[in-house]
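Participant: Structure supplied as model15.pdb; contents: PDB, C-alpha atoms.
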```pdb
ATOM      1  CA  THR A   1       6.350 -37.661   6.218  1.00  0.00           C
ATOM      2  CA  SER A   2       4.790 -37.101   2.824  1.00  0.00           C
ATOM      3  CA  LYS A   3       7.170 -38.116   0.066  1.00  0.00           C
ATOM      4  CA  THR A   4       6.789 -36.145  -3.126  1.00  0.00           C
ATOM      5  CA  ASP A   5       7.189 -37.574  -6.613  1.00  0.00           C
ATOM      6  CA  TYR A   6       8.457 -34.358  -8.197  1.00  0.00           C
ATOM      7  CA  VAL A   7       9.600 -30.941  -6.958  1.00  0.00           C
ATOM      8  CA  SER A   8      10.854 -28.239  -9.295  1.00  0.00           C
ATOM      9  CA  PRO A   9      14.482 -27.284  -8.648  1.00  0.00           C
ATOM     10  CA  ASN A  10      13.265 -23.635  -8.805  1.00  0.00           C
ATOM     11  CA  ILE A  11      12.054 -24.023  -5.233  1.00  0.00           C
ATOM     12  CA  GLY A  12      15.647 -23.542  -4.069  1.00  0.00           C
ATOM     13  CA  ARG A  13      15.815 -20.132  -5.739  1.00  0.00           C
ATOM     14  CA  LEU A  14      12.305 -19.098  -4.707  1.00  0.00           C
ATOM     15  CA  LEU A  15      12.318 -20.276  -1.083  1.00  0.00           C
ATOM     16  CA  GLY A  16      15.955 -21.044  -0.239  1.00  0.00           C
ATOM     17  CA  ILE A  17      15.179 -24.668   0.556  1.00  0.00           C
ATOM     18  CA  PRO A  18      16.755 -27.609  -1.318  1.00  0.00           C
ATOM     19  CA  TRP A  19      14.298 -29.348  -3.611  1.00  0.00           C
ATOM     20  CA  LYS A  20      15.509 -32.737  -2.327  1.00  0.00           C
ATOM     21  CA  LYS A  21      14.470 -31.778   1.198  1.00  0.00           C
ATOM     22  CA  VAL A  22      10.973 -30.836  -0.012  1.00  0.00           C
ATOM     23  CA  ARG A  23      10.822 -34.071  -2.010  1.00  0.00           C
ATOM     24  CA  GLN A  24      11.532 -36.111   1.123  1.00  0.00           C
ATOM     25  CA  ASP A  25       8.768 -34.362   3.104  1.00  0.00           C
ATOM     26  CA  VAL A  26       6.549 -31.662   1.624  1.00  0.00           C
ATOM     27  CA  HIS A  27       5.595 -30.594   5.163  1.00  0.00           C
ATOM     28  CA  VAL A  28       8.926 -28.743   5.478  1.00  0.00           C
ATOM     29  CA  LEU A  29       7.188 -25.954   3.555  1.00  0.00           C
ATOM     30  CA  ALA A  30       5.002 -25.361   6.626  1.00  0.00           C
ATOM     31  CA  GLU A  31       8.138 -24.323   8.525  1.00  0.00           C
ATOM     32  CA  LEU A  32       8.506 -21.389   6.105  1.00  0.00           C
ATOM     33  CA  VAL A  33       5.060 -19.962   6.882  1.00  0.00           C
ATOM     34  CA  PRO A  34       5.436 -16.841   9.083  1.00  0.00           C
ATOM     35  CA  GLN A  35       4.629 -17.406  12.766  1.00  0.00           C
ATOM     36  CA  ASN A  36       1.856 -14.763  12.783  1.00  0.00           C
ATOM     37  CA  ASP A  37       0.050 -16.167   9.717  1.00  0.00           C
ATOM     38  CA  PRO A  38      -3.535 -17.080  10.731  1.00  0.00           C
ATOM     39  CA  ASP A  39      -3.512 -20.016   8.264  1.00  0.00           C
ATOM     40  CA  ARG A  40      -0.191 -21.401   9.550  1.00  0.00           C
ATOM     41  CA  ASP A  41      -1.681 -24.654  10.855  1.00  0.00           C
ATOM     42  CA  LYS A  42      -4.424 -25.030   8.260  1.00  0.00           C
ATOM     43  CA  ASN A  43      -4.325 -28.151   6.082  1.00  0.00           C
ATOM     44  CA  PHE A  44      -5.571 -26.960   2.689  1.00  0.00           C
ATOM     45  CA  LEU A  45      -5.412 -30.487   1.261  1.00  0.00           C
ATOM     46  CA  GLU A  46      -7.658 -32.029   3.910  1.00  0.00           C
ATOM     47  CA  GLY A  47     -10.753 -33.504   2.315  1.00  0.00           C
ATOM     48  CA  LEU A  48      -9.560 -32.713  -1.215  1.00  0.00           C
ATOM     49  CA  SER A  49     -11.021 -35.507  -3.309  1.00  0.00           C
ATOM     50  CA  ARG A  50     -10.129 -36.939  -6.688  1.00  0.00           C
ATOM     51  CA  GLY A  51     -10.883 -34.502  -9.494  1.00  0.00           C
ATOM     52  CA  GLU A  52     -11.371 -31.607  -7.081  1.00  0.00           C
ATOM     53  CA  GLN A  53      -9.308 -28.435  -7.251  1.00  0.00           C
ATOM     54  CA  ARG A  54      -8.595 -25.750  -4.624  1.00  0.00           C
ATOM     55  CA  GLU A  55      -6.804 -22.426  -4.863  1.00  0.00           C
ATOM     56  CA  TRP A  56      -5.371 -20.177  -2.173  1.00  0.00           C
ATOM     57  CA  ASP A  57      -2.686 -17.587  -1.571  1.00  0.00           C
ATOM     58  CA  ALA A  58       0.136 -18.172   0.883  1.00  0.00           C
ATOM     59  CA  ALA A  59       3.154 -16.301   2.183  1.00  0.00           C
ATOM     60  CA  TYR A  60       6.480 -18.012   2.862  1.00  0.00           C
ATOM     61  CA  LEU A  61       9.754 -16.756   4.312  1.00  0.00           C
ATOM     62  CA  HIS A  62      12.759 -17.437   2.097  1.00  0.00           C
ATOM     63  CA  GLN A  63      14.887 -19.706   4.283  1.00  0.00           C
ATOM     64  CA  GLU A  64      18.165 -17.915   3.524  1.00  0.00           C
ATOM     65  CA  THR A  65      17.226 -14.260   2.975  1.00  0.00           C
ATOM     66  CA  ARG A  66      14.175 -14.192   5.343  1.00  0.00           C
ATOM     67  CA  GLU A  67      12.396 -12.229   2.599  1.00  0.00           C
ATOM     68  CA  LEU A  68       8.621 -12.664   2.589  1.00  0.00           C
ATOM     69  CA  ARG A  69       7.461 -14.177  -0.705  1.00  0.00           C
ATOM     70  CA  TRP A  70       3.875 -14.646  -1.898  1.00  0.00           C
ATOM     71  CA  PHE A  71       2.500 -17.564  -3.900  1.00  0.00           C
ATOM     72  CA  HIS A  72      -0.773 -18.536  -5.513  1.00  0.00           C
ATOM     73  CA  ILE A  73      -1.281 -22.242  -5.046  1.00  0.00           C
ATOM     74  CA  ILE A  74      -3.513 -24.597  -7.002  1.00  0.00           C
ATOM     75  CA  ALA A  75      -3.980 -28.102  -5.609  1.00  0.00           C
ATOM     76  CA  MET A  76      -5.640 -30.940  -7.499  1.00  0.00           C
ATOM     77  CA  GLY A  77      -6.600 -34.258  -5.984  1.00  0.00           C
ATOM     78  CA  SER A  78      -6.053 -37.485  -7.904  1.00  0.00           C
ATOM     79  CA  GLU A  79      -5.874 -41.187  -7.309  1.00  0.00           C
ATOM     80  CA  VAL A  80      -3.051 -43.363  -8.599  1.00  0.00           C
ATOM     81  CA  GLU A  81      -3.075 -47.123  -7.974  1.00  0.00           C
ATOM     82  CA  GLY A  82      -5.562 -46.704  -5.146  1.00  0.00           C
ATOM     83  CA  ARG A  83      -3.537 -43.984  -3.404  1.00  0.00           C
ATOM     84  CA  THR A  84      -4.614 -40.374  -3.012  1.00  0.00           C
ATOM     85  CA  LYS A  85      -2.114 -38.054  -4.623  1.00  0.00           C
ATOM     86  CA  TYR A  86      -1.984 -34.287  -4.982  1.00  0.00           C
ATOM     87  CA  ILE A  87      -0.614 -32.048  -7.649  1.00  0.00           C
ATOM     88  CA  LEU A  88       0.448 -28.652  -6.317  1.00  0.00           C
ATOM     89  CA  VAL A  89       1.311 -25.759  -8.590  1.00  0.00           C
ATOM     90  CA  MET A  90       2.878 -22.793  -6.824  1.00  0.00           C
ATOM     91  CA  SER A  91       3.040 -19.529  -8.789  1.00  0.00           C
ATOM     92  CA  ASP A  92       5.355 -16.845  -7.426  1.00  0.00           C
ATOM     93  CA  ARG A  93       3.328 -13.646  -7.006  1.00  0.00           C
ATOM     94  CA  THR A  94       5.923 -11.694  -5.020  1.00  0.00           C
ATOM     95  CA  ALA A  95       6.576  -9.110  -7.748  1.00  0.00           C
ATOM     96  CA  ASP A  96       2.816  -8.557  -8.229  1.00  0.00           C
ATOM     97  CA  LYS A  97       2.328  -8.124  -4.476  1.00  0.00           C
ATOM     98  CA  GLN A  98       5.214  -5.658  -4.273  1.00  0.00           C
ATOM     99  CA  ILE A  99       3.878  -3.649  -7.225  1.00  0.00           C
ATOM    100  CA  ASN A 100       0.394  -3.583  -5.682  1.00  0.00           C
ATOM    101  CA  GLN A 101       1.869  -2.438  -2.359  1.00  0.00           C
ATOM    102  CA  ALA A 102       3.860   0.294  -4.106  1.00  0.00           C
ATOM    103  CA  LEU A 103       0.706   1.426  -5.919  1.00  0.00           C
ATOM    104  CA  SER A 104      -1.277   1.423  -2.661  1.00  0.00           C
ATOM    105  CA  ASP A 105       1.468   3.462  -1.000  1.00  0.00           C
ATOM    106  CA  ALA A 106       1.463   5.915  -3.917  1.00  0.00           C
ATOM    107  CA  VAL A 107      -2.336   6.285  -3.735  1.00  0.00           C
ATOM    108  CA  ALA A 108      -2.137   6.900   0.022  1.00  0.00           C
ATOM    109  CA  ALA A 109       0.620   9.486  -0.483  1.00  0.00           C
ATOM    110  CA  ALA A 110      -1.412  11.215  -3.220  1.00  0.00           C
ATOM    111  CA  GLU A 111      -4.501  11.296  -0.984  1.00  0.00           C
ATOM    112  CA  THR A 112      -2.449  12.762   1.871  1.00  0.00           C
ATOM    113  CA  ALA A 113      -0.962  15.382  -0.456  1.00  0.00           C
ATOM    114  CA  ASN A 114      -4.435  16.213  -1.797  1.00  0.00           C
ATOM    115  CA  ARG A 115      -5.798  16.691   1.739  1.00  0.00           C
ATOM    116  CA  ALA A 116      -2.803  18.894   2.605  1.00  0.00           C
ATOM    117  CA  LYS A 117      -3.360  20.921  -0.568  1.00  0.00           C
ATOM    118  CA  SER A 118      -7.053  21.370   0.228  1.00  0.00           C
ATOM    119  CA  THR A 119      -6.262  22.465   3.793  1.00  0.00           C
ATOM    120  CA  PHE A 120      -3.600  24.857   2.535  1.00  0.00           C
ATOM    121  CA  LEU A 121      -5.935  26.394  -0.059  1.00  0.00           C
ATOM    122  CA  SER A 122      -8.720  26.720   2.493  1.00  0.00           C
ATOM    123  CA  ASN A 123      -6.398  28.488   4.939  1.00  0.00           C
ATOM    124  CA  MET A 124      -4.894  30.700   2.233  1.00  0.00           C
ATOM    125  CA  SER A 125      -8.343  31.592   0.949  1.00  0.00           C
ATOM    126  CA  HIS A 126      -9.266  32.895   4.394  1.00  0.00           C
ATOM    127  CA  ASP A 127      -5.912  34.639   4.905  1.00  0.00           C
ATOM    128  CA  ILE A 128      -6.114  36.409   1.525  1.00  0.00           C
ATOM    129  CA  ARG A 129      -9.778  37.401   1.788  1.00  0.00           C
ATOM    130  CA  THR A 130      -9.308  39.124   5.153  1.00  0.00           C
ATOM    131  CA  PRO A 131      -6.967  41.922   3.961  1.00  0.00           C
ATOM    132  CA  MET A 132      -8.749  42.069   0.581  1.00  0.00           C
ATOM    133  CA  ASN A 133     -12.107  42.698   2.302  1.00  0.00           C
ATOM    134  CA  ALA A 134     -10.450  45.389   4.446  1.00  0.00           C
ATOM    135  CA  ILE A 135      -9.099  47.106   1.310  1.00  0.00           C
ATOM    136  CA  VAL A 136     -12.481  47.005  -0.448  1.00  0.00           C
ATOM    137  CA  GLY A 137     -14.390  48.131   2.660  1.00  0.00           C
ATOM    138  CA  LEU A 138     -12.005  50.951   3.537  1.00  0.00           C
ATOM    139  CA  THR A 139     -11.990  52.176  -0.075  1.00  0.00           C
ATOM    140  CA  ALA A 140     -15.808  52.403   0.076  1.00  0.00           C
ATOM    141  CA  ILE A 141     -15.650  54.263   3.401  1.00  0.00           C
ATOM    142  CA  ALA A 142     -13.037  56.694   2.074  1.00  0.00           C
ATOM    143  CA  GLY A 143     -15.165  57.303  -1.054  1.00  0.00           C
ATOM    144  CA  ALA A 144     -18.266  57.961   1.057  1.00  0.00           C
ATOM    145  CA  ASN A 145     -16.325  60.401   3.274  1.00  0.00           C
ATOM    146  CA  ILE A 146     -14.353  62.269   0.610  1.00  0.00           C
ATOM    147  CA  GLU A 147     -15.095  65.652   2.279  1.00  0.00           C
ATOM    148  CA  SER A 148     -13.482  64.487   5.590  1.00  0.00           C
ATOM    149  CA  GLN A 149      -9.753  64.603   4.957  1.00  0.00           C
ATOM    150  CA  ASP A 150      -8.922  63.022   8.355  1.00  0.00           C
ATOM    151  CA  ARG A 151     -11.260  60.084   7.682  1.00  0.00           C
ATOM    152  CA  VAL A 152      -9.832  59.560   4.152  1.00  0.00           C
ATOM    153  CA  ILE A 153      -6.229  59.680   5.478  1.00  0.00           C
ATOM    154  CA  GLU A 154      -7.125  57.130   8.188  1.00  0.00           C
ATOM    155  CA  CYS A 155      -8.697  54.826   5.572  1.00  0.00           C
ATOM    156  CA  LEU A 156      -5.731  55.200   3.194  1.00  0.00           C
ATOM    157  CA  SER A 157      -3.347  54.318   6.032  1.00  0.00           C
ATOM    158  CA  LYS A 158      -5.310  51.144   6.810  1.00  0.00           C
ATOM    159  CA  ILE A 159      -5.595  50.339   3.084  1.00  0.00           C
ATOM    160  CA  THR A 160      -1.795  50.634   2.768  1.00  0.00           C
ATOM    161  CA  GLU A 161      -1.303  48.370   5.816  1.00  0.00           C
ATOM    162  CA  SER A 162      -3.756  45.749   4.474  1.00  0.00           C
ATOM    163  CA  SER A 163      -2.196  45.943   0.986  1.00  0.00           C
ATOM    164  CA  ARG A 164       1.282  45.278   2.403  1.00  0.00           C
ATOM    165  CA  HIS A 165      -0.066  42.351   4.447  1.00  0.00           C
ATOM    166  CA  LEU A 166      -1.757  40.919   1.339  1.00  0.00           C
ATOM    167  CA  LEU A 167       1.415  41.389  -0.733  1.00  0.00           C
ATOM    168  CA  GLY A 168       3.415  39.609   1.981  1.00  0.00           C
ATOM    169  CA  LEU A 169       0.994  36.650   1.911  1.00  0.00           C
ATOM    170  CA  ILE A 170       1.166  36.433  -1.881  1.00  0.00           C
ATOM    171  CA  ASN A 171       4.980  36.561  -1.806  1.00  0.00           C
ATOM    172  CA  GLU A 172       5.085  33.759   0.797  1.00  0.00           C
ATOM    173  CA  VAL A 173       2.816  31.567  -1.371  1.00  0.00           C
ATOM    174  CA  LEU A 174       4.869  32.244  -4.501  1.00  0.00           C
ATOM    175  CA  ASP A 175       8.153  31.572  -2.675  1.00  0.00           C
TER     176      ASP A 175
END
```
How would this structure read if it were set down as structure tokens?
Facilitator:
Amino acid sequence: TSKTDYVSPNIGRLLGIPWKKVRQDVHVLAELVPQNDPDRDKNFLEGLSRGEQREWDAAYLHQETRELRWFHIIAMGSEVEGRTKYILVMSDRTADKQINQALSDAVAAAETANRAKSTFLSNMSHDIRTPMNAIVGLTAIAGANIESQDRVIECLSKITESSRHLLGLINEVLD
């Protein structure tokens, strides 16, 4: 066991573990590290010498709620009466992590929406140009064949059909 000289009572609120239990053996914190954490068995204090400082981030499961909480930890090595001692400062970063995750999710959603918008506009561009090109082309053909009433009537019929199709597309987009 590794007896601890001082543990903040806030640890009970932050991790759901009694501060007296942590004071008796600081290694009980290792039990709160998620099973799948690659650093679960790593000893961050190993080799930490007097006057040296290390920093790392760690995730712990709240013992009561099973909520995952994130901490930034600073460890400082010292020597008191010939014994190696460590000072650990754990800063709760759970809210920051949750905000960053929410922002990442929002960015991903915006990128997905932007891709969908681009695909939609690309498809609509093609769908609108097709009847529009028919209208323009058939109008030119009708104008070039003004003396052939049958040809002009055929073109006007196709222009009407393409115009209705185009109007239907525009109405669908607006709706």
Participant: Which residues are near Glu172 of chain A? Cut-off 12 Å, only C-alpha atoms, ignore same chain within fewer than 5 positions. Put them as a ChimeraX atom specification.
Facilitator: /A:124,127-128,165-167
Participant: Within 9 Å of Ile17 of chain A, counting all atoms listed in the file, which residues qualify if same-chain residues fewer than 3 places away don't, as a compact mmCIF listing (two decimals) with C-alpha atoms, keeping the file's coordinate frame?
Facilitator:
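The file below, result-v3.txt, is the result:
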```txt
# COMPACT_ATOMS: atom_id res chain seq x y z
CA ILE A 11 12.05 -24.02 -5.23
CA GLY A 12 15.65 -23.54 -4.07
CA ARG A 13 15.82 -20.13 -5.74
CA LEU A 14 12.30 -19.10 -4.71
CA LYS A 20 15.51 -32.74 -2.33
CA LYS A 21 14.47 -31.78 1.20
CA VAL A 22 10.97 -30.84 -0.01
CA VAL A 28 8.93 -28.74 5.48
CA LEU A 29 7.19 -25.95 3.56
CA HIS A 62 12.76 -17.44 2.10
CA GLN A 63 14.89 -19.71 4.28
CA GLU A 64 18.16 -17.92 3.52
```
Participant: One decimal, in Å: what's the spacing between atom CA of Arg50 of chain A and atom CA of Glu81 of chain A?
Facilitator: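 We find that atom CA of Arg50 of chain A and atom CA of Glu81 of chain A lie 12.5 Å from each other.
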Participant: Please provide as a list in words all residues within 12 Å of Asn36 of chain A, with the sequence filter that same-chain residues fewer than 6 positions apart are discarded (counting all atoms listed in the file).
Facilitator: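 Counting all atoms listed in the file, the residues come to Ala59, Tyr60 and Leu61 of chain A.
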Participant: Would you compute the distance between atom CA of Val152 of chain A and atom CA of Val136 of chain A? Give it in Å to one decimal.
Facilitator: 13.6 Å
Participant: Just how far from atom CA of Gln149 of chain A is atom CA of Ala134 of chain A, in Å to one decimal?
Facilitator: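 Computed distance, atom CA of Ala134 of chain A to atom CA of Gln149 of chain A, equals 19.2 Å.
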Participant: My list of candidates is A:Ile153, A:Ile146, A:Leu15, A:Leu174. Which is closest to Met90 of chain A when distances are computed with only C-alpha atoms?
Facilitator: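 Of all the options, A:Leu15 lies closest to Met90 of chain A.
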Participant: Emit as JSON the padded axis-aligned box for all listed atoms of segment 110-128 of chain A, 6 Å per side, with centre and edge lengths in Å to one decimal.
Facilitator:
```
{"center_x": -5.1, "center_y": 23.8, "center_z": 0.9, "size_x": 20.3, "size_y": 37.2, "size_z": 20.2}
```
Participant: Give me the result of the PyMOL selection byres ((chain A and resi 42) around 12) on this file, residue by residue, as a list of chain:residue names.
Facilitator: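 Matching residues under the PyMOL selection byres ((chain A and resi 42) around 12) are A:His27, A:Ala30, A:Val33, A:Asp37, A:Pro38, A:Asp39, A:Arg40, A:Asp41, A:Asn43, A:Phe44, A:Leu45, A:Glu46, A:Trp56, A:Ala58.
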Participant: Using the atoms already present, construct N, CA, C and O atoms for segment 52-64 of chain A and hand them back as a tab-separated table (two decimals), in the coordinates of the input.
Facilitator:
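part.tsv written:
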```tsv
chain	number	residue	atom	x	y	z
A	52	GLU	N	-11.06	-32.91	-7.68
A	52	GLU	CA	-11.37	-31.61	-7.08
A	52	GLU	C	-10.14	-30.71	-7.16
A	52	GLU	O	-9.00	-31.18	-7.18
A	53	GLN	N	-10.40	-29.41	-7.18
A	53	GLN	CA	-9.31	-28.44	-7.25
A	53	GLN	C	-9.57	-27.34	-6.24
A	53	GLN	O	-10.70	-26.90	-6.06
A	54	ARG	N	-8.51	-26.88	-5.56
A	54	ARG	CA	-8.60	-25.75	-4.62
A	54	ARG	C	-7.50	-24.76	-4.96
A	54	ARG	O	-6.43	-25.13	-5.43
A	55	GLU	N	-7.80	-23.49	-4.65
A	55	GLU	CA	-6.80	-22.43	-4.86
A	55	GLU	C	-6.73	-21.57	-3.61
A	55	GLU	O	-7.75	-21.34	-2.95
A	56	TRP	N	-5.54	-21.09	-3.29
A	56	TRP	CA	-5.37	-20.18	-2.17
A	56	TRP	C	-4.05	-19.43	-2.35
A	56	TRP	O	-3.22	-19.80	-3.16
A	57	ASP	N	-3.92	-18.37	-1.58
A	57	ASP	CA	-2.69	-17.59	-1.57
A	57	ASP	C	-1.96	-17.86	-0.26
A	57	ASP	O	-2.61	-18.03	0.79
A	58	ALA	N	-0.65	-17.90	-0.31
A	58	ALA	CA	0.14	-18.17	0.88
A	58	ALA	C	1.42	-17.35	0.86
A	58	ALA	O	1.95	-17.05	-0.21
A	59	ALA	N	1.89	-17.02	2.04
A	59	ALA	CA	3.15	-16.30	2.18
A	59	ALA	C	4.17	-17.25	2.82
A	59	ALA	O	3.83	-18.01	3.73
A	60	TYR	N	5.39	-17.20	2.33
A	60	TYR	CA	6.48	-18.01	2.86
A	60	TYR	C	7.70	-17.13	3.07
A	60	TYR	O	7.93	-16.19	2.31
A	61	LEU	N	8.49	-17.45	4.09
A	61	LEU	CA	9.75	-16.76	4.31
A	61	LEU	C	10.86	-17.53	3.60
A	61	LEU	O	11.01	-18.73	3.81
A	62	HIS	N	11.60	-16.82	2.76
A	62	HIS	CA	12.76	-17.44	2.10
A	62	HIS	C	13.71	-17.88	3.21
A	62	HIS	O	14.06	-17.10	4.09
A	63	GLN	N	14.11	-19.14	3.18
A	63	GLN	CA	14.89	-19.71	4.28
A	63	GLN	C	16.24	-19.02	4.47
A	63	GLN	O	16.70	-18.88	5.60
A	64	GLU	N	16.85	-18.54	3.41
A	64	GLU	CA	18.16	-17.92	3.52
A	64	GLU	C	18.08	-16.41	3.73
A	64	GLU	O	18.73	-15.87	4.62
```
